[in-house]
Structures are given as C-alpha cells and as structure tokens.
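Below is one structure, written out as structure tokens, with a few remarks after it.
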Amino acid sequence: MRRTLGACVVALTAVGLGAPALAVADPLSCDDAWCTPGVTPGVVLGATCEDTGHYVFGTTSWGRLVFCGSPRRYEPRYFRSPQMSGVKEEHAVCQGLESRVAQAPDGLFLSCVSIDGTPRWVRGDA
C-alpha cells in the first residue's frame with residue numbers, strides 16, 4: 001500500500017509539473033484605478049500616510065480614489081486623486097493623458113507631464 005501511495009504521489013507531482021501555467025493578466029494592460037495592484041482600501045481623506053513614492057493610491061469607504069502626497073514637503077497625507085490611468089511604464093509617452101496619474105509595475109507613483117514638448121510618465125513624487 002505504501003509503495004502504491006508513493007507511486008501515486010510521484011505520478012501526480014510529475015503531471016502537475018508538466019501542466020501549463022495559468023494565464024496571469026499583464027499588469028501593463030491596466031488602464032484605470034480598479035485594476036491597479038496595491039491600492040489601499042478604507043483610507044480616510046486627509047489622514048496622514050507614510051510613502052509618497054510607491055503604492056500611494058487608496059480608496060475611501062465611499063469609493064473615492066486618493067493618493068499619498070506631501071505638499072511643499074509638509075507631513076504626507078491623503079488627497080483626492082486626479083484621474084488615474086492604471087499601470088504605465090516610467091518615461092513612456094502619455095499623449096492625451098496629461099495631468100493624469102498612474103502607477104509603474106513596481107508601484108512607483110507616476111504623473112503625465114510635458115517634458116520638452118512630449119508628454120511622458122515621470123515620478124509623481126518629485
């Protein structure tokens with residue numbers, strides 16, 4: 001019986017290793033706040049927060065999108081967020097999305113601003 005059970009475990013493990021991996025959504029195809037990873041739920045608008053550079057987005061209990069920012073380098077707190085465009089790559093062109101915010105795949109806070117006449121995703125905490 002032990003030999004049979006051991007053979008079954010080995011066979012099932014081998015089958016599992018040969019099975020195709022489950023498809024995972026490409027984070028770069030995310031174009032709004034609701035598919036962005038790392039958004040903190042239950043944030044209180046105006047409450048203090050920690051990190052103004054990475055994973056800065058949150059939602060209030062009533063669904064408003066907010067971000068952790070530090071105006072004029074005061075203590076960081078949550079503010080209403082501009083319109084969010086999901087997950088984008090830093091330095092990529094963001095034509096037509098000026099004044100919007102996004103998050104890089106590594107959680108970096110991004111803002112779409114014009115640099116030398118070309119709108120690009122740049123660090124939003126700079």
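Residue names in the structure tokens use chain letters A, B, ... in the order shown, residue numbers from 1 in each chain, and ligand numbers from 1 in the order shown.
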
**Request:** For stretch 70-80 of chain A, please output as a count of residues only all residues within 7 Å (counting only C-alpha atoms; exclusion window: fewer than 6 positions along the same chain).
**Result:** 7

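Scanning stretch 6-126 of chain A with DSSP on the backbone, the helix (DSSP H, G or I) assignments fall on Gly6, Ala7, Cys8, Val9, Val10, Ala11, Leu12, Thr13, Ala14, Val15, Gly16, Leu17, Gly18, Pro27, Leu28, Ser29, Ala33, Trp34, Cys35, Pro71, Arg72 and Arg73 of chain A.
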
I want to know what sits within 9 Å of A:Cys94, based on only C-alpha atoms, with residues of the same chain fewer than 6 positions away left out; could you give that as a PDB file with all heavy atoms, in the first residue's frame?
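Final file, around_12.pdb:
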```pdb
ATOM      1  N   LYS A  88       1.376  52.023 -15.847  1.00  0.00           N
ATOM      2  CA  LYS A  88       2.118  52.510 -17.015  1.00  0.00           C
ATOM      3  C   LYS A  88       3.613  52.405 -16.742  1.00  0.00           C
ATOM      4  O   LYS A  88       4.045  52.293 -15.595  1.00  0.00           O
ATOM      5  CB  LYS A  88       1.763  53.978 -17.320  1.00  0.00           C
ATOM      6  CG  LYS A  88       0.282  54.213 -17.543  1.00  0.00           C
ATOM      7  CD  LYS A  88      -0.231  53.468 -18.752  1.00  0.00           C
ATOM      8  CE  LYS A  88      -1.723  53.675 -18.910  1.00  0.00           C
ATOM      9  NZ  LYS A  88      -2.361  52.663 -19.681  1.00  0.00           N
ATOM     10  N   CYS A 112       1.659  62.296 -15.600  1.00  0.00           N
ATOM     11  CA  CYS A 112       1.872  62.588 -17.020  1.00  0.00           C
ATOM     12  C   CYS A 112       2.110  64.093 -17.177  1.00  0.00           C
ATOM     13  O   CYS A 112       1.195  64.887 -16.966  1.00  0.00           O
ATOM     14  CB  CYS A 112       0.662  62.148 -17.841  1.00  0.00           C
ATOM     15  SG  CYS A 112       0.841  62.476 -19.616  1.00  0.00           S
ATOM     16  N   VAL A 113       3.326  64.452 -17.510  1.00  0.00           N
ATOM     17  CA  VAL A 113       3.693  65.860 -17.710  1.00  0.00           C
ATOM     18  C   VAL A 113       4.500  66.012 -18.988  1.00  0.00           C
ATOM     19  O   VAL A 113       5.135  65.069 -19.452  1.00  0.00           O
ATOM     20  CB  VAL A 113       4.485  66.429 -16.512  1.00  0.00           C
ATOM     21  CG1 VAL A 113       3.658  66.437 -15.246  1.00  0.00           C
ATOM     22  CG2 VAL A 113       5.769  65.670 -16.307  1.00  0.00           C
ATOM     23  N   SER A 114       4.473  67.226 -19.533  1.00  0.00           N
ATOM     24  CA  SER A 114       5.203  67.509 -20.765  1.00  0.00           C
ATOM     25  C   SER A 114       6.665  67.809 -20.460  1.00  0.00           C
ATOM     26  O   SER A 114       6.975  68.660 -19.631  1.00  0.00           O
ATOM     27  CB  SER A 114       4.564  68.691 -21.484  1.00  0.00           C
ATOM     28  OG  SER A 114       5.195  68.897 -22.722  1.00  0.00           O
ATOM     29  N   THR A 118       7.012  66.849 -25.147  1.00  0.00           N
ATOM     30  CA  THR A 118       6.465  65.497 -25.255  1.00  0.00           C
ATOM     31  C   THR A 118       5.943  65.051 -23.896  1.00  0.00           C
ATOM     32  O   THR A 118       6.694  65.029 -22.926  1.00  0.00           O
ATOM     33  CB  THR A 118       7.551  64.500 -25.728  1.00  0.00           C
ATOM     34  OG1 THR A 118       8.074  64.938 -26.967  1.00  0.00           O
ATOM     35  CG2 THR A 118       6.976  63.102 -25.877  1.00  0.00           C
ATOM     36  N   PRO A 119       4.657  64.714 -23.798  1.00  0.00           N
ATOM     37  CA  PRO A 119       4.133  64.238 -22.508  1.00  0.00           C
ATOM     38  C   PRO A 119       4.661  62.838 -22.192  1.00  0.00           C
ATOM     39  O   PRO A 119       4.617  61.948 -23.033  1.00  0.00           O
ATOM     40  CB  PRO A 119       2.628  64.234 -22.701  1.00  0.00           C
ATOM     41  CG  PRO A 119       2.407  64.215 -24.157  1.00  0.00           C
ATOM     42  CD  PRO A 119       3.624  64.793 -24.817  1.00  0.00           C
ATOM     43  N   ARG A 120       5.193  62.688 -20.978  1.00  0.00           N
ATOM     44  CA  ARG A 120       5.764  61.403 -20.542  1.00  0.00           C
ATOM     45  C   ARG A 120       5.363  61.123 -19.108  1.00  0.00           C
ATOM     46  O   ARG A 120       5.095  62.020 -18.336  1.00  0.00           O
ATOM     47  CB  ARG A 120       7.287  61.440 -20.639  1.00  0.00           C
ATOM     48  CG  ARG A 120       7.800  61.575 -22.040  1.00  0.00           C
ATOM     49  CD  ARG A 120       9.276  61.207 -22.126  1.00  0.00           C
ATOM     50  NE  ARG A 120       9.749  61.335 -23.479  1.00  0.00           N
ATOM     51  CZ  ARG A 120       9.660  60.362 -24.400  1.00  0.00           C
ATOM     52  NH1 ARG A 120       9.143  59.202 -24.085  1.00  0.00           N
ATOM     53  NH2 ARG A 120      10.120  60.553 -25.618  1.00  0.00           N
ATOM     54  N   TRP A 121       5.376  59.807 -18.760  1.00  0.00           N
ATOM     55  CA  TRP A 121       5.126  59.392 -17.384  1.00  0.00           C
ATOM     56  C   TRP A 121       6.424  59.588 -16.597  1.00  0.00           C
ATOM     57  O   TRP A 121       7.444  58.994 -16.924  1.00  0.00           O
ATOM     58  CB  TRP A 121       4.700  57.928 -17.330  1.00  0.00           C
ATOM     59  CG  TRP A 121       3.353  57.692 -17.894  1.00  0.00           C
ATOM     60  CD1 TRP A 121       3.039  57.024 -19.058  1.00  0.00           C
ATOM     61  CD2 TRP A 121       2.101  58.122 -17.348  1.00  0.00           C
ATOM     62  NE1 TRP A 121       1.691  57.021 -19.248  1.00  0.00           N
ATOM     63  CE2 TRP A 121       1.078  57.699 -18.223  1.00  0.00           C
ATOM     64  CE3 TRP A 121       1.747  58.847 -16.204  1.00  0.00           C
ATOM     65  CZ2 TRP A 121      -0.269  57.950 -17.977  1.00  0.00           C
ATOM     66  CZ3 TRP A 121       0.404  59.098 -15.971  1.00  0.00           C
ATOM     67  CH2 TRP A 121      -0.582  58.657 -16.861  1.00  0.00           C
TER      68      TRP A 121
END
```

**Request:** Using only C-alpha atoms, pick whichever of A:Ser29, A:Ser99, A:Thr40, A:Ser85 has the shortest atom-to-atom distance to A:Gly63.
**Result:**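 Smallest distance to A:Gly63 is found for A:Thr40.
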
**Item:** Contact residues around A:Ser61 with only C-alpha atoms at 9 Å, ignoring same-chain residues under 6 positions, as JSON, numbers by chain
**Value:** {"A": [41, 42, 43, 44]}

Output the selection as a PDB file, in the first residue's frame - C-alpha atoms for each residue.
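Resulting contents of selection.pdb:
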```
ATOM      1  CA  PRO A  41      -8.889  50.306   0.804  1.00  0.00           C
ATOM      2  CA  GLY A  42     -10.595  52.225   3.612  1.00  0.00           C
ATOM      3  CA  VAL A  43      -8.355  55.305   3.514  1.00  0.00           C
ATOM      4  CA  VAL A  44      -9.551  58.453   5.293  1.00  0.00           C
TER       5      VAL A  44
END
```

**Message:** Taking only C-alpha atoms into account, name the residue in A:Cys30, A:Ala92, A:Leu110, A:Val39 that is nearest to A:Arg64.
**Reply:**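 Using only C-alpha atoms, A:Arg64 sits closest to A:Val39.
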
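Closest to A:Met84 among A:Glu98, A:Asp125, A:Asp32, A:Asp106 is A:Asp32, based on only C-alpha atoms.
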
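The shell of residues at most 12 Å from A:Thr36, with only C-alpha atoms counted and near chain neighbours (fewer than 4 positions) removed, consists of A:Ala25, A:Asp26, A:Pro27, A:Leu28, A:Ser29, A:Cys30, A:Asp31, A:Asp32, A:Thr40, A:Tyr55, A:Val56, A:Phe57, A:Gly58, A:Thr59, A:Leu65, A:Met84, A:Ser85, A:Gly86, A:Val87, A:Lys88, A:Val101, A:Ala102, A:Gln103, A:Ala104, A:Pro105, A:Asp106, A:Gly107, A:Leu108, A:Phe109.
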